[in-house]
Amino acid sequence: MISALKQIGLTYGLLMIMSPSYAGKVNPNLCPTDFIANQPQFISSNTTDQRVYISSDSARVDSDAVTYFEGAVRAQQANRLLEADRVRYDRTTEDVEATGNIVYAVNNARVTGDAIEFNLKTTQGKVRNAEYFTGTVNGRGHAQTIHIKGKNRLEMESATYTTCPPNAEVWKIDSSNITLDNESHQGSATNVVLKVASIPIFYFPYFRFPISEERLSGILFPGLAVSNKHGTEVTLPYYWNIAPSMDATITMRNMTKRGLMLKNEFRYLTSQGTGVIKVDYLPNDKLFGDDRAQYSWLYSGAPSAGWSTSVDYKSVSDTEYISDFSNTLATSSITHLNRQASIAYNHENFVFTGLIQNYQRITGEQPYAKAPQLTLNSRFTNKDNTLNYDVNSEYVRFDLSNSSQVIGDRFFINPYVSYPIQSESGFFIPKLSINYLQYNLDQLGAPTDNATPSVTVPIFSNDIGMFFERDTSIAGTQLLHTLEPRLFYLYAPNVEQSDLPVFDTALTTFSQSLFYAENRFSGKDRIGDANQLTASLTTRFYRQDSGAEVFNATIGQIIYFRDRVVTLPGGGPNVTDRSSYITSLSVIPNSKIKLTSEFNIDSELEHTEVSNTRITYQAGADSVINYNYRFRRNELRTQGLSFAWRVNPSWRVFGGYETDIENNHRLQSFFGIRYDNCCWAVRILGHEYFDSLEAGTARFESAIWLELELKGLSSLGSRKKIDSILKNGILGYQ
């Protein structure tokens with residue numbers, strides 16, 4: 001409603017053109033032809049010529065002061081136009097009276113009426129029986145009388161507003177009085193009623209609204225949803241414009257099964273950064289039997305040149321909060337909530353980062369806190385065909401509250417030199433580095449454990465690649481074909497590391513990224529031993545007319561010349577002499593179809609260990625179909641189908657289905673439709689996703705979301721939640 005009244009404004013000369021904060025655009029293709037044809041045409045973009053041009057069938061001077069224009073009177077000044085059957089102008093009083101078929105237009109906005117009375121000296125007047133057209137989103141309406149109170153103030157009696165065509169008003173706003181003050185950029189309205197299909201939906205006895213881009217406090221449109229977790233859910237948000245640099249949205253969220261939750265979002269802007277603080281509180285959850293709450297703080301800043309800061313803090317009142325109040329499969333499976341603050345400095349020759357990080361455990365084990373983590377990495381040189389040298393370093397204090405596990409400090413330094421030789425036909429990049437680890441430990445498992453273990457591991461690598469290309473053609477299409485062989489040799493001696501603790505390190509899942517990595521472990525508590533050679537081959541096809549890639553295939557394998565002995569606690573040496581084959585494939589035959597696939601094939605057992613495949617068909621900006629298949633032996637096997645499809649200009653359908661083949665249950669499914677009309681649209685979405693297994697039976701959460709969009713006004717319902725589900729569930733959704 002606030003957005004709508006921003007459209008109704010009229011400035012000096014009768015019109016003030018404004019734009020809504022969020023209002024769907026009217027689609028002319030869905031509107032009646034006569035409605036579009038009767039819209040005002042653009043008058044003139046010339047605002048510098050302030051001369052007045054007047055034409056009429058006849059003109060007479062009744063006295064020295066009064067002039068009459070009659071018959072097809074037309075007066076134009078720059079981008080303003082006045083048309084009438086008769087115009088009377090008194091030069092003494094500067095009164096202007098126009099009657100009969102009144103049309104006043106500014107740019108694409110227009111007002112018609114029975115009569116206009118206006119005084120050029122006082123800039124006051126009125127328009128009787130006025131019809132107006134805003135010209136921005138096809139907004140139009142009627143006012144019994146429009147009172148012009150100077151250059152900056154206007155009052156409308158018995159006013160209406162809609163973007164619907166005449167005789168097809170699906171929705172409209174009625175108000176007994178609307179006041180617009182262009183000086184304060186504020187308006188007010190009394191006895192405002194929103195009607196849908198002639199049925200009153202909302203009533204506001206009084207409220208204020210902005211008539212410019214400036215924000216103004218006020219009630220926003222409510223939302224509606226139904227779910228098996230919360231029952232019927234109604235949300236009513238209030239926007240509070242605290243200051244130009246801060247605002248808040250306070251939302252009452254009433255859930256029939258749980259109670260009334262108060263949601264608060266506070267946004268602020270300083271000279272050094274921006275932040276968002278959210279606090280949600282539900283007293284005495286009916287289903288849970290206790291108070292529930294969540295808190296979050298996001299901040300990003302740049303206090304001075306080269307410096308940056310950030311905060312990411314999340315907290316919930318209990319470990320079941322996320323599963324109870326999440327709306328998607330991804331958020332319901334969160335295991336830890338991140339809490340961190342960082343500061344960084346970027347210099348021409350180095351990068352410094354300071355971090356404090358902790359987690360709130362939802363499920364699983366509690367990770368170590370980093371209090372703090374300090375990194376200092378140089379970037380002295382990065383040039384081809386010359387000697388490069390740099391050093392990376394890190395200090396971390398690992399802590400674990402209320403635990404008897406080992407804690408302590410870790411220091412890591414990694415100086416290295418390389419000599420990259422690059423040319424158009426290939427590259428040759430030898431590199432030598434030293435990796436040094438030093439610990440200072442507390443809470444040792446046994447008195448004989450080493451409190452200050454350390455290790456030094458040198459690493460040598462050599463990355464060699466070549467590029468071959470040729471012109472070719474397939475089915476008459478001129479292509480550039482490339483062949484790119486690559487070898488990556490890695491050597492690191494086996495240095496005893498079993499007495500080192502494990503704070504943040506794991507064995508990296510084998511994938512194509514490990515082909516050219518110097519360490520098979522994530523984190524720095526282990527430095528893997530290696531004597532191995534990666535051999536890979538990539539071939540690509542490019543269209544010569546556009547340069548677009550239409551085909552890309554890669555196959556590679558690591559050949560091990562010795563066993564890998566360095567391992568994590570509980571693990572044993574890896575004695576295989578060859579890794580799995582990794583293959584990747586990308587096929588883009590045209591602008592609509594894309595296939596991507598990656599396979600991890602065990603070279604000894606000759607079976608697939610991991611595979612990921614996706615096929616996308618993009619018929620247009622608003623029509624897409626996706627199929628995906630994911631497989632990890634003995635762990636995961638899922639497939640899914642998602643789509644968003646424009647059936648015709650009025651109808652669009654969207655949906656998705658993802659199933660866990662390994663465990664024989666759905667992961668999520670959703671389906672919805674959208675119907676568009678000239679001045680309104682409706683969207684409904686049903687969503688169900690896997691929550692947990694209870695006694696071997698899959699438990700699902702489900703909800704139905706509804707959105708009613710009154711174009712040129714605003715959206716009622718669950719627009720943000722529907723958009724979130726569709727964007728997360730449908731690749732390429734717009």
# chains A, B, ... in the order shown; residues from 1 in each chain; ligands from 1
call {"tool": "residues_around", "arguments": {"residues": "A:Val502", "least_positions_apart": "2", "cutoff": "9 Å", "atoms": "only C-alpha atoms", "output": "PDB file with N, CA, C and O atoms, in the first residue's frame"}}
result
ATOM      1  N   LEU A 500      52.805 -35.816  16.372  1.00  0.00           N
ATOM      2  CA  LEU A 500      52.161 -34.515  16.184  1.00  0.00           C
ATOM      3  C   LEU A 500      50.665 -34.640  16.452  1.00  0.00           C
ATOM      4  O   LEU A 500      50.034 -35.633  16.071  1.00  0.00           O
ATOM      5  N   ASP A 504      43.186 -29.624  13.069  1.00  0.00           N
ATOM      6  CA  ASP A 504      42.234 -29.220  12.022  1.00  0.00           C
ATOM      7  C   ASP A 504      42.528 -29.900  10.683  1.00  0.00           C
ATOM      8  O   ASP A 504      42.293 -29.331   9.627  1.00  0.00           O
ATOM      9  N   THR A 505      43.054 -31.115  10.737  1.00  0.00           N
ATOM     10  CA  THR A 505      43.561 -31.762   9.531  1.00  0.00           C
ATOM     11  C   THR A 505      42.791 -33.038   9.227  1.00  0.00           C
ATOM     12  O   THR A 505      42.425 -33.778  10.140  1.00  0.00           O
ATOM     13  N   ALA A 506      42.562 -33.265   7.929  1.00  0.00           N
ATOM     14  CA  ALA A 506      41.903 -34.486   7.467  1.00  0.00           C
ATOM     15  C   ALA A 506      42.489 -34.865   6.115  1.00  0.00           C
ATOM     16  O   ALA A 506      43.158 -34.059   5.454  1.00  0.00           O
ATOM     17  N   LYS A 524      47.318 -28.347   8.389  1.00  0.00           N
ATOM     18  CA  LYS A 524      48.786 -28.355   8.397  1.00  0.00           C
ATOM     19  C   LYS A 524      49.379 -29.293   9.450  1.00  0.00           C
ATOM     20  O   LYS A 524      50.589 -29.249   9.703  1.00  0.00           O
ATOM     21  N   ASP A 525      48.567 -30.139  10.081  1.00  0.00           N
ATOM     22  CA  ASP A 525      49.108 -31.051  11.095  1.00  0.00           C
ATOM     23  C   ASP A 525      49.820 -32.254  10.487  1.00  0.00           C
ATOM     24  O   ASP A 525      50.476 -33.005  11.215  1.00  0.00           O
ATOM     25  N   ARG A 526      49.641 -32.484   9.213  1.00  0.00           N
ATOM     26  CA  ARG A 526      50.357 -33.549   8.521  1.00  0.00           C
ATOM     27  C   ARG A 526      50.861 -33.023   7.175  1.00  0.00           C
ATOM     28  O   ARG A 526      50.133 -32.316   6.458  1.00  0.00           O
ATOM     29  N   LEU A 568      47.083 -40.277   9.428  1.00  0.00           N
ATOM     30  CA  LEU A 568      46.414 -39.765  10.617  1.00  0.00           C
ATOM     31  C   LEU A 568      46.287 -40.881  11.649  1.00  0.00           C
ATOM     32  O   LEU A 568      46.406 -42.061  11.308  1.00  0.00           O
ATOM     33  N   PRO A 569      46.034 -40.551  12.923  1.00  0.00           N
ATOM     34  CA  PRO A 569      45.868 -41.601  13.942  1.00  0.00           C
ATOM     35  C   PRO A 569      44.791 -42.601  13.537  1.00  0.00           C
ATOM     36  O   PRO A 569      43.710 -42.230  13.079  1.00  0.00           O
TER      37      PRO A 569
END
call {"tool": "atom_distance", "arguments": {"atom1": "atom CA of A:Gly528", "atom2": "atom CA of A:Ser342"}}
result
29.2 Å
call {"tool": "closest_residue", "arguments": {"among": "A:Glu155, A:Glu94, A:Glu688, A:Asp449", "to": "A:Glu701", "atoms": "only C-alpha atoms"}}
result
A:Glu688
call {"tool": "residues_around", "arguments": {"residues": "stretch 661-664 of chain A", "least_positions_apart": "4", "cutoff": "7 Å", "atoms": "only C-alpha atoms", "output": "list of chain:residue names"}}
result
A:Leu636, A:Arg637, A:Thr638
call {"tool": "closest_atom_pairs", "arguments": {"of": "stretch 443-476 of chain A", "to": "stretch 420-431 of chain A", "cutoff": "12 Å", "atoms": "only C-alpha atoms", "output": "tab-separated table"}}
result
residue	atom	partner	partner_atom	distance
A:Pro458	CA	A:Lys431	CA	10.7
A:Ile459	CA	A:Lys431	CA	8.2
A:Phe460	CA	A:Lys431	CA	5.8
A:Ser461	CA	A:Lys431	CA	5.3
A:Asn462	CA	A:Pro430	CA	4.2
A:Asp463	CA	A:Ile429	CA	5.0
A:Ile464	CA	A:Phe428	CA	4.6
A:Gly465	CA	A:Phe427	CA	5.3
A:Met466	CA	A:Gly426	CA	4.0
A:Phe467	CA	A:Ser425	CA	5.0
A:Phe468	CA	A:Ser425	CA	7.0
A:Glu469	CA	A:Ser425	CA	9.4
call {"tool": "closest_residue", "arguments": {"among": "A:Leu533, A:Ile362, A:Leu713, A:Val417", "to": "A:Gln557", "atoms": "only C-alpha atoms"}}
result
A:Leu533
call {"tool": "closest_residue", "arguments": {"among": "A:Asn29, A:Leu387, A:Phe411, A:Arg470", "to": "A:Thr452", "atoms": "only C-alpha atoms"}}
result
A:Phe411
call {"tool": "residues_around", "arguments": {"residues": "stretch 596-603 of chain A", "least_positions_apart": "2", "cutoff": "8 Å", "atoms": "only C-alpha atoms", "output": "count of residues only"}}
result
23
